[in-house]
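K.L.:
run.pdb is reproduced in full below (PDB, N, CA and C atoms).
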```pdb
ATOM      1  N   MET A 281    -123.733 248.000 -55.462
ATOM      2  CA  MET A 281    -125.059 248.577 -55.454
ATOM      3  C   MET A 281    -125.974 247.744 -56.349
ATOM      4  N   SER A 282    -127.219 247.682 -55.974
ATOM      5  CA  SER A 282    -128.164 246.973 -56.812
ATOM      6  C   SER A 282    -128.630 247.874 -57.939
ATOM      7  N   GLU A 283    -129.452 247.337 -58.835
ATOM      8  CA  GLU A 283    -129.902 248.103 -59.978
ATOM      9  C   GLU A 283    -130.738 249.287 -59.559
ATOM     10  N   TYR A 284    -130.883 250.234 -60.478
ATOM     11  CA  TYR A 284    -131.652 251.451 -60.253
ATOM     12  C   TYR A 284    -133.035 251.113 -59.727
ATOM     13  N   GLY A 285    -133.491 251.912 -58.817
ATOM     14  CA  GLY A 285    -134.828 251.736 -58.285
ATOM     15  C   GLY A 285    -134.841 251.163 -56.886
ATOM     16  N   GLY A 286    -133.723 250.662 -56.409
ATOM     17  CA  GLY A 286    -133.750 250.011 -55.125
ATOM     18  C   GLY A 286    -132.916 250.639 -54.037
ATOM     19  N   ASP A 287    -132.063 251.580 -54.366
ATOM     20  CA  ASP A 287    -131.144 252.114 -53.369
ATOM     21  C   ASP A 287    -131.513 253.541 -52.987
ATOM     22  N   PHE A 288    -131.822 253.709 -51.722
ATOM     23  CA  PHE A 288    -132.149 255.022 -51.193
ATOM     24  C   PHE A 288    -131.255 255.287 -49.994
ATOM     25  N   ILE A 289    -130.851 256.543 -49.858
ATOM     26  CA  ILE A 289    -130.086 256.945 -48.686
ATOM     27  C   ILE A 289    -130.693 258.225 -48.145
ATOM     28  N   THR A 290    -130.443 258.485 -46.881
ATOM     29  CA  THR A 290    -130.841 259.741 -46.274
ATOM     30  C   THR A 290    -129.572 260.485 -45.903
ATOM     31  N   ILE A 291    -129.490 261.748 -46.344
ATOM     32  CA  ILE A 291    -128.336 262.570 -45.996
ATOM     33  C   ILE A 291    -128.816 263.757 -45.178
ATOM     34  N   THR A 292    -127.913 264.310 -44.399
ATOM     35  CA  THR A 292    -128.213 265.479 -43.581
ATOM     36  C   THR A 292    -127.265 266.597 -43.980
ATOM     37  N   ASP A 293    -127.825 267.782 -44.273
ATOM     38  CA  ASP A 293    -126.981 268.909 -44.657
ATOM     39  C   ASP A 293    -126.423 269.605 -43.419
ATOM     40  N   GLU A 294    -125.640 270.670 -43.640
ATOM     41  CA  GLU A 294    -124.993 271.382 -42.539
ATOM     42  C   GLU A 294    -125.992 271.998 -41.567
ATOM     43  N   GLU A 295    -127.214 272.245 -42.028
ATOM     44  CA  GLU A 295    -128.238 272.868 -41.186
ATOM     45  C   GLU A 295    -129.126 271.844 -40.487
ATOM     46  N   GLY A 296    -128.820 270.560 -40.660
ATOM     47  CA  GLY A 296    -129.579 269.511 -39.995
ATOM     48  C   GLY A 296    -130.804 269.033 -40.754
ATOM     49  N   ASN A 297    -131.013 269.517 -41.982
ATOM     50  CA  ASN A 297    -132.140 269.084 -42.801
ATOM     51  C   ASN A 297    -131.826 267.729 -43.431
ATOM     52  N   GLU A 298    -132.790 266.807 -43.381
ATOM     53  CA  GLU A 298    -132.599 265.491 -43.963
ATOM     54  C   GLU A 298    -133.266 265.415 -45.329
ATOM     55  N   PHE A 299    -132.592 264.713 -46.269
ATOM     56  CA  PHE A 299    -133.090 264.519 -47.611
ATOM     57  C   PHE A 299    -132.944 263.052 -47.978
ATOM     58  N   GLU A 300    -133.972 262.490 -48.592
ATOM     59  CA  GLU A 300    -133.861 261.129 -49.093
ATOM     60  C   GLU A 300    -133.467 261.197 -50.568
ATOM     61  N   LEU A 301    -132.428 260.453 -50.916
ATOM     62  CA  LEU A 301    -131.921 260.431 -52.283
ATOM     63  C   LEU A 301    -132.034 259.021 -52.850
ATOM     64  N   GLU A 302    -132.265 258.966 -54.157
ATOM     65  CA  GLU A 302    -132.278 257.686 -54.854
ATOM     66  C   GLU A 302    -131.011 257.568 -55.685
ATOM     67  N   HIS A 303    -130.318 256.459 -55.516
ATOM     68  CA  HIS A 303    -129.069 256.202 -56.230
ATOM     69  C   HIS A 303    -129.374 255.924 -57.697
ATOM     70  N   LEU A 304    -128.672 256.616 -58.586
ATOM     71  CA  LEU A 304    -128.833 256.421 -60.019
ATOM     72  C   LEU A 304    -127.730 255.559 -60.608
ATOM     73  N   ASP A 305    -126.473 255.877 -60.271
ATOM     74  CA  ASP A 305    -125.355 255.199 -60.917
ATOM     75  C   ASP A 305    -124.096 255.431 -60.093
ATOM     76  N   THR A 306    -123.110 254.575 -60.326
ATOM     77  CA  THR A 306    -121.794 254.697 -59.697
ATOM     78  C   THR A 306    -120.751 254.531 -60.782
ATOM     79  N   LEU A 307    -119.715 255.353 -60.733
ATOM     80  CA  LEU A 307    -118.618 255.175 -61.683
ATOM     81  C   LEU A 307    -117.298 255.473 -61.006
ATOM     82  N   GLU A 308    -116.251 254.898 -61.595
ATOM     83  CA  GLU A 308    -114.893 255.155 -61.122
ATOM     84  C   GLU A 308    -114.188 255.983 -62.177
ATOM     85  N   TYR A 309    -113.516 257.034 -61.736
ATOM     86  CA  TYR A 309    -112.770 257.897 -62.637
ATOM     87  C   TYR A 309    -111.511 258.369 -61.924
ATOM     88  N   ASP A 310    -110.392 258.191 -62.570
ATOM     89  CA  ASP A 310    -109.102 258.661 -62.064
ATOM     90  C   ASP A 310    -108.835 258.175 -60.635
ATOM     91  N   GLY A 311    -109.179 256.920 -60.380
ATOM     92  CA  GLY A 311    -108.913 256.313 -59.080
ATOM     93  C   GLY A 311    -109.886 256.680 -57.983
ATOM     94  N   GLU A 312    -110.922 257.442 -58.302
ATOM     95  CA  GLU A 312    -111.925 257.853 -57.321
ATOM     96  C   GLU A 312    -113.279 257.254 -57.705
ATOM     97  N   VAL A 313    -114.144 257.052 -56.718
ATOM     98  CA  VAL A 313    -115.482 256.515 -56.962
ATOM     99  C   VAL A 313    -116.494 257.633 -56.730
ATOM    100  N   TYR A 314    -117.394 257.794 -57.692
ATOM    101  CA  TYR A 314    -118.426 258.815 -57.639
ATOM    102  C   TYR A 314    -119.790 258.153 -57.750
ATOM    103  N   MET A 315    -120.762 258.725 -57.078
ATOM    104  CA  MET A 315    -122.127 258.215 -57.128
ATOM    105  C   MET A 315    -123.062 259.358 -57.503
ATOM    106  N   SER A 316    -124.047 259.053 -58.348
ATOM    107  CA  SER A 316    -125.033 260.064 -58.710
ATOM    108  C   SER A 316    -126.369 259.694 -58.087
ATOM    109  N   PHE A 317    -127.089 260.730 -57.663
ATOM    110  CA  PHE A 317    -128.371 260.579 -56.985
ATOM    111  C   PHE A 317    -129.352 261.607 -57.514
ATOM    112  N   THR A 318    -130.629 261.371 -57.253
ATOM    113  CA  THR A 318    -131.663 262.371 -57.452
ATOM    114  C   THR A 318    -132.512 262.398 -56.190
ATOM    115  N   VAL A 319    -133.182 263.510 -55.944
ATOM    116  CA  VAL A 319    -134.046 263.614 -54.774
ATOM    117  C   VAL A 319    -135.163 262.596 -54.947
ATOM    118  N   ALA A 320    -135.405 261.782 -53.933
ATOM    119  CA  ALA A 320    -136.319 260.647 -54.036
ATOM    120  C   ALA A 320    -137.753 261.049 -54.337
ATOM    121  N   ASP A 321    -138.187 262.212 -53.910
ATOM    122  CA  ASP A 321    -139.582 262.582 -54.138
ATOM    123  C   ASP A 321    -139.784 263.444 -55.385
ATOM    124  N   THR A 322    -138.835 263.375 -56.333
ATOM    125  CA  THR A 322    -138.992 264.085 -57.598
ATOM    126  C   THR A 322    -140.138 263.439 -58.375
ATOM    127  N   PRO A 323    -141.106 264.224 -58.834
ATOM    128  CA  PRO A 323    -142.229 263.656 -59.599
ATOM    129  C   PRO A 323    -141.742 262.961 -60.867
ATOM    130  N   GLU A 324    -142.357 261.826 -61.193
ATOM    131  CA  GLU A 324    -141.942 261.071 -62.371
ATOM    132  C   GLU A 324    -142.126 261.860 -63.659
ATOM    133  N   ASP A 325    -143.083 262.790 -63.682
ATOM    134  CA  ASP A 325    -143.339 263.553 -64.898
ATOM    135  C   ASP A 325    -142.600 264.888 -64.932
ATOM    136  N   ALA A 326    -141.636 265.063 -64.038
ATOM    137  CA  ALA A 326    -140.852 266.307 -64.008
ATOM    138  C   ALA A 326    -140.059 266.436 -65.307
ATOM    139  N   GLU A 327    -140.062 267.646 -65.872
ATOM    140  CA  GLU A 327    -139.318 267.868 -67.109
ATOM    141  C   GLU A 327    -137.814 267.870 -66.872
ATOM    142  N   GLU A 328    -137.388 268.328 -65.718
ATOM    143  CA  GLU A 328    -135.973 268.335 -65.357
ATOM    144  C   GLU A 328    -135.830 267.769 -63.956
ATOM    145  N   ILE A 329    -134.719 267.088 -63.745
ATOM    146  CA  ILE A 329    -134.428 266.616 -62.397
ATOM    147  C   ILE A 329    -133.043 267.100 -61.999
ATOM    148  N   ASP A 330    -132.855 267.240 -60.716
ATOM    149  CA  ASP A 330    -131.539 267.597 -60.200
ATOM    150  C   ASP A 330    -130.739 266.326 -59.995
ATOM    151  N   ILE A 331    -129.501 266.345 -60.451
ATOM    152  CA  ILE A 331    -128.598 265.232 -60.211
ATOM    153  C   ILE A 331    -127.556 265.698 -59.210
ATOM    154  N   ILE A 332    -127.394 264.906 -58.181
ATOM    155  CA  ILE A 332    -126.442 265.208 -57.114
ATOM    156  C   ILE A 332    -125.301 264.210 -57.232
ATOM    157  N   ILE A 333    -124.087 264.720 -57.329
ATOM    158  CA  ILE A 333    -122.912 263.862 -57.454
ATOM    159  C   ILE A 333    -122.100 263.975 -56.174
ATOM    160  N   LEU A 334    -121.812 262.818 -55.595
ATOM    161  CA  LEU A 334    -121.014 262.751 -54.377
ATOM    162  C   LEU A 334    -119.847 261.800 -54.608
ATOM    163  N   LYS A 335    -118.744 262.079 -53.934
ATOM    164  CA  LYS A 335    -117.540 261.254 -54.036
ATOM    165  C   LYS A 335    -117.445 260.360 -52.798
ATOM    166  N   VAL A 336    -117.054 259.107 -53.018
ATOM    167  CA  VAL A 336    -116.839 258.179 -51.907
ATOM    168  C   VAL A 336    -115.452 258.459 -51.333
ATOM    169  N   GLU A 337    -115.413 258.838 -50.070
ATOM    170  CA  GLU A 337    -114.159 259.091 -49.359
ATOM    171  C   GLU A 337    -113.947 257.965 -48.347
ATOM    172  N   GLU A 338    -112.697 257.764 -47.954
ATOM    173  CA  GLU A 338    -112.376 256.703 -46.995
ATOM    174  C   GLU A 338    -111.330 257.214 -46.020
ATOM    175  N   ASP A 339    -111.530 256.907 -44.734
ATOM    176  CA  ASP A 339    -110.535 257.303 -43.746
ATOM    177  C   ASP A 339    -109.509 256.189 -43.554
ATOM    178  N   GLU A 340    -108.564 256.407 -42.671
ATOM    179  CA  GLU A 340    -107.475 255.448 -42.475
ATOM    180  C   GLU A 340    -107.945 254.108 -41.911
ATOM    181  N   ASN A 341    -109.152 254.065 -41.336
ATOM    182  CA  ASN A 341    -109.705 252.818 -40.799
ATOM    183  C   ASN A 341    -110.579 252.082 -41.815
ATOM    184  N   GLY A 342    -110.672 252.608 -43.027
ATOM    185  CA  GLY A 342    -111.477 251.977 -44.058
ATOM    186  C   GLY A 342    -112.946 252.372 -44.022
ATOM    187  N   GLU A 343    -113.300 253.282 -43.127
ATOM    188  CA  GLU A 343    -114.678 253.765 -43.030
ATOM    189  C   GLU A 343    -114.975 254.678 -44.225
ATOM    190  N   GLU A 344    -116.082 254.390 -44.938
ATOM    191  CA  GLU A 344    -116.435 255.182 -46.107
ATOM    192  C   GLU A 344    -117.576 256.139 -45.801
ATOM    193  N   TRP A 345    -117.570 257.280 -46.491
ATOM    194  CA  TRP A 345    -118.658 258.242 -46.406
ATOM    195  C   TRP A 345    -118.744 258.968 -47.739
ATOM    196  N   LEU A 346    -119.837 259.682 -47.936
ATOM    197  CA  LEU A 346    -120.039 260.447 -49.161
ATOM    198  C   LEU A 346    -119.720 261.904 -48.900
ATOM    199  N   ALA A 347    -118.968 262.507 -49.817
ATOM    200  CA  ALA A 347    -118.558 263.900 -49.675
ATOM    201  C   ALA A 347    -118.914 264.675 -50.943
ATOM    202  N   THR A 348    -119.118 265.963 -50.782
ATOM    203  CA  THR A 348    -119.370 266.802 -51.953
ATOM    204  C   THR A 348    -118.081 266.939 -52.762
ATOM    205  N   VAL A 349    -118.246 267.230 -54.040
ATOM    206  CA  VAL A 349    -117.108 267.466 -54.925
ATOM    207  C   VAL A 349    -116.926 268.977 -54.989
ATOM    208  N   ASP A 350    -115.861 269.480 -54.404
ATOM    209  CA  ASP A 350    -115.652 270.916 -54.286
ATOM    210  C   ASP A 350    -114.987 271.551 -55.505
ATOM    211  N   ASP A 351    -114.267 270.768 -56.281
ATOM    212  CA  ASP A 351    -113.580 271.286 -57.456
ATOM    213  C   ASP A 351    -114.562 271.328 -58.627
ATOM    214  N   ASP A 352    -114.843 272.533 -59.143
ATOM    215  CA  ASP A 352    -115.821 272.692 -60.224
ATOM    216  C   ASP A 352    -115.425 271.950 -61.491
ATOM    217  N   ASN A 353    -114.153 271.944 -61.832
ATOM    218  CA  ASN A 353    -113.708 271.222 -63.031
ATOM    219  C   ASN A 353    -113.921 269.721 -62.880
ATOM    220  N   GLU A 354    -113.574 269.188 -61.719
ATOM    221  CA  GLU A 354    -113.779 267.767 -61.442
ATOM    222  C   GLU A 354    -115.271 267.436 -61.503
ATOM    223  N   LEU A 355    -116.093 268.263 -60.877
ATOM    224  CA  LEU A 355    -117.538 268.041 -60.854
ATOM    225  C   LEU A 355    -118.113 268.079 -62.268
ATOM    226  N   ASP A 356    -117.715 269.063 -63.071
ATOM    227  CA  ASP A 356    -118.208 269.165 -64.445
ATOM    228  C   ASP A 356    -117.823 267.937 -65.263
ATOM    229  N   HIS A 357    -116.601 267.487 -65.103
ATOM    230  CA  HIS A 357    -116.134 266.331 -65.873
ATOM    231  C   HIS A 357    -116.901 265.063 -65.467
ATOM    232  N   VAL A 358    -117.044 264.839 -64.186
ATOM    233  CA  VAL A 358    -117.750 263.647 -63.706
ATOM    234  C   VAL A 358    -119.222 263.706 -64.113
ATOM    235  N   TYR A 359    -119.814 264.886 -64.067
ATOM    236  CA  TYR A 359    -121.205 265.050 -64.514
ATOM    237  C   TYR A 359    -121.338 264.628 -65.980
ATOM    238  N   GLU A 360    -120.423 265.065 -66.820
ATOM    239  CA  GLU A 360    -120.461 264.688 -68.234
ATOM    240  C   GLU A 360    -120.317 263.175 -68.409
ATOM    241  N   LEU A 361    -119.469 262.550 -67.614
ATOM    242  CA  LEU A 361    -119.322 261.093 -67.687
ATOM    243  C   LEU A 361    -120.632 260.402 -67.328
ATOM    244  N   PHE A 362    -121.302 260.862 -66.279
ATOM    245  CA  PHE A 362    -122.590 260.284 -65.902
ATOM    246  C   PHE A 362    -123.618 260.485 -67.019
ATOM    247  N   MET A 363    -123.651 261.673 -67.620
ATOM    248  CA  MET A 363    -124.622 261.948 -68.677
ATOM    249  C   MET A 363    -124.384 261.048 -69.890
ATOM    250  N   ARG A 364    -123.121 260.813 -70.245
ATOM    251  CA  ARG A 364    -122.808 259.900 -71.347
ATOM    252  C   ARG A 364    -123.293 258.489 -71.049
ATOM    253  N   ARG A 365    -123.088 258.047 -69.805
ATOM    254  CA  ARG A 365    -123.541 256.707 -69.417
ATOM    255  C   ARG A 365    -125.057 256.601 -69.511
ATOM    256  N   ILE A 366    -125.757 257.637 -69.091
ATOM    257  CA  ILE A 366    -127.220 257.626 -69.160
ATOM    258  C   ILE A 366    -127.667 257.568 -70.618
ATOM    259  N   GLU A 367    -127.039 258.350 -71.487
ATOM    260  CA  GLU A 367    -127.381 258.333 -72.914
ATOM    261  C   GLU A 367    -127.105 256.965 -73.527
ATOM    262  N   GLU A 368    -125.983 256.353 -73.165
ATOM    263  CA  GLU A 368    -125.653 255.023 -73.681
ATOM    264  C   GLU A 368    -126.681 254.000 -73.229
ATOM    265  N   MET A 369    -127.095 254.070 -71.976
ATOM    266  CA  MET A 369    -128.105 253.138 -71.468
ATOM    267  C   MET A 369    -129.422 253.321 -72.214
ATOM    268  N   ASP A 370    -129.758 254.554 -72.518
ATOM    269  CA  ASP A 370    -130.986 254.846 -73.244
ATOM    270  C   ASP A 370    -130.922 254.272 -74.653
ATOM    271  N   GLU A 371    -129.778 254.420 -75.324
ATOM    272  CA  GLU A 371    -129.615 253.917 -76.683
ATOM    273  C   GLU A 371    -129.630 252.389 -76.724
ATOM    274  N   GLU A 372    -129.047 251.750 -75.721
ATOM    275  CA  GLU A 372    -128.961 250.297 -75.685
ATOM    276  C   GLU A 372    -130.241 249.642 -75.188
ATOM    277  N   GLY A 373    -130.998 250.399 -74.387
ATOM    278  CA  GLY A 373    -132.172 249.824 -73.724
ATOM    279  C   GLY A 373    -133.413 249.832 -74.572
ATOM    280  N   ASP A 374    -134.532 249.621 -73.898
ATOM    281  CA  ASP A 374    -135.823 249.533 -74.557
ATOM    282  C   ASP A 374    -136.590 250.842 -74.474
ATOM    283  N   GLY A 375    -135.858 251.944 -74.347
ATOM    284  CA  GLY A 375    -136.510 253.239 -74.243
ATOM    285  C   GLY A 375    -136.550 253.769 -72.824
ATOM    286  N   ASP A 376    -136.333 252.897 -71.849
ATOM    287  CA  ASP A 376    -136.282 253.348 -70.460
ATOM    288  C   ASP A 376    -134.898 253.886 -70.165
ATOM    289  N   THR A 377    -134.841 254.927 -69.383
ATOM    290  CA  THR A 377    -133.550 255.456 -68.961
ATOM    291  C   THR A 377    -133.526 255.471 -67.450
ATOM    292  N   LEU A 378    -132.386 255.797 -66.903
ATOM    293  CA  LEU A 378    -132.280 255.956 -65.466
ATOM    294  C   LEU A 378    -133.171 257.089 -64.989
ATOM    295  N   LEU A 379    -133.421 258.040 -65.852
ATOM    296  CA  LEU A 379    -134.120 259.251 -65.445
ATOM    297  C   LEU A 379    -135.580 259.268 -65.857
ATOM    298  N   SER A 380    -136.124 258.176 -66.363
ATOM    299  CA  SER A 380    -137.534 258.205 -66.734
ATOM    300  C   SER A 380    -138.359 257.326 -65.832
TER     301      SER A 380
END
```
Is it possible to express this structure as structure tokens?
P.N.:
Amino acid sequence: MSEYGGDFITITDEEGNEFELEHLDTLEYDGEVYMSFTVADTPEDAEEIDIIILKVEEDENGEEWLATVDDDNELDHVYELFMRRIEEMDEEGDGDTLLS
């Protein structure tokens, strides 16, 4: 994936509604790959943003897709890992974060 700001995807929910998401970060944990996104049309001055975490799944033919994380403990843990990475980037950077 390229750096933040350049990757957008469109997903469709079970009801056929389409949403454009902006990719924030990707991490590997316990042999699985997770990606974090935010809704692309979130206002820049929003006090809070929603972070959507999806897991990269692969079928027997090597075809990849994004799936929801159904296990609450797994989701909570991966969310915390993403939040730590965002905080580290903020501390190391020039004041810009993935979420600003």
K.L.:
Please, which residues in region 315-368 of chain A fall within 12 Å of region 284-298 of chain A when counting only C-alpha atoms, and what is the closest atom pair and distance in Å to one decimal for each, ordered by chain then residue number, as a Markdown table?
P.N.:
```
| residue | atom | partner | partner_atom | distance |
| --- | --- | --- | --- | --- |
| A:Met315 | CA | A:Asp287 | CA | 11.5 |
| A:Ser316 | CA | A:Tyr284 | CA | 11.0 |
| A:Phe317 | CA | A:Phe288 | CA | 8.9 |
| A:Thr318 | CA | A:Phe288 | CA | 9.7 |
| A:Val319 | CA | A:Phe288 | CA | 9.5 |
| A:Ala320 | CA | A:Phe288 | CA | 7.6 |
| A:Asp321 | CA | A:Phe288 | CA | 11.0 |
| A:Ile332 | CA | A:Ile291 | CA | 11.6 |
| A:Leu334 | CA | A:Ile291 | CA | 11.1 |
| A:Trp345 | CA | A:Ile291 | CA | 10.6 |
| A:Leu346 | CA | A:Ile291 | CA | 9.1 |
| A:Ala347 | CA | A:Ile291 | CA | 10.5 |
| A:Thr348 | CA | A:Asp293 | CA | 10.8 |
| A:Ile366 | CA | A:Tyr284 | CA | 11.7 |
```
K.L.:
Quick one: which residues end up in the PyMOL selection byres (((chain A and resi 365 and name CA) around 12) and name CA) for this structure, as JSON, numbers by chain?
P.N.:
{"A": [304, 305, 306, 307, 316, 358, 359, 360, 361, 362, 363, 364, 366, 367, 368, 369, 370, 371, 372, 373, 377, 378, 379]}
K.L.:
How many Å separate atom C of Asp330 (chain A) from atom N of Gly311 (chain A)?
P.N.:
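If I compute the distance from atom C of Asp330 (chain A) to atom N of Gly311 (chain A), I get 23.5 Å.
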K.L.:
Which of chain A end up as strand (DSSP E) when DSSP is run on this backbone - answer as an MDAnalysis selection string?
P.N.:
chainID A and resid 288:292 298:309 312:319 332:338 344:348
K.L.:
Distance CA of His357 (chain A)-CA of Ile329 (chain A), one decimal place?
P.N.:
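A separation of 18.6 Å between them.
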K.L.:
Please compute the CA of Val313 (chain A)-CA of Asp339 (chain A) distance, one decimal, in Å.
P.N.:
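Separation of CA of Val313 (chain A) and CA of Asp339 (chain A): 14.1 Å.
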K.L.:
Between A:Gly342, A:Val336, A:Ile331, A:Ala326, which one has atoms that come closest to Asp356 (chain A), using only C-alpha atoms?
P.N.:
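Of the candidates, the smallest distance to Asp356 (chain A) is held by A:Ile331.
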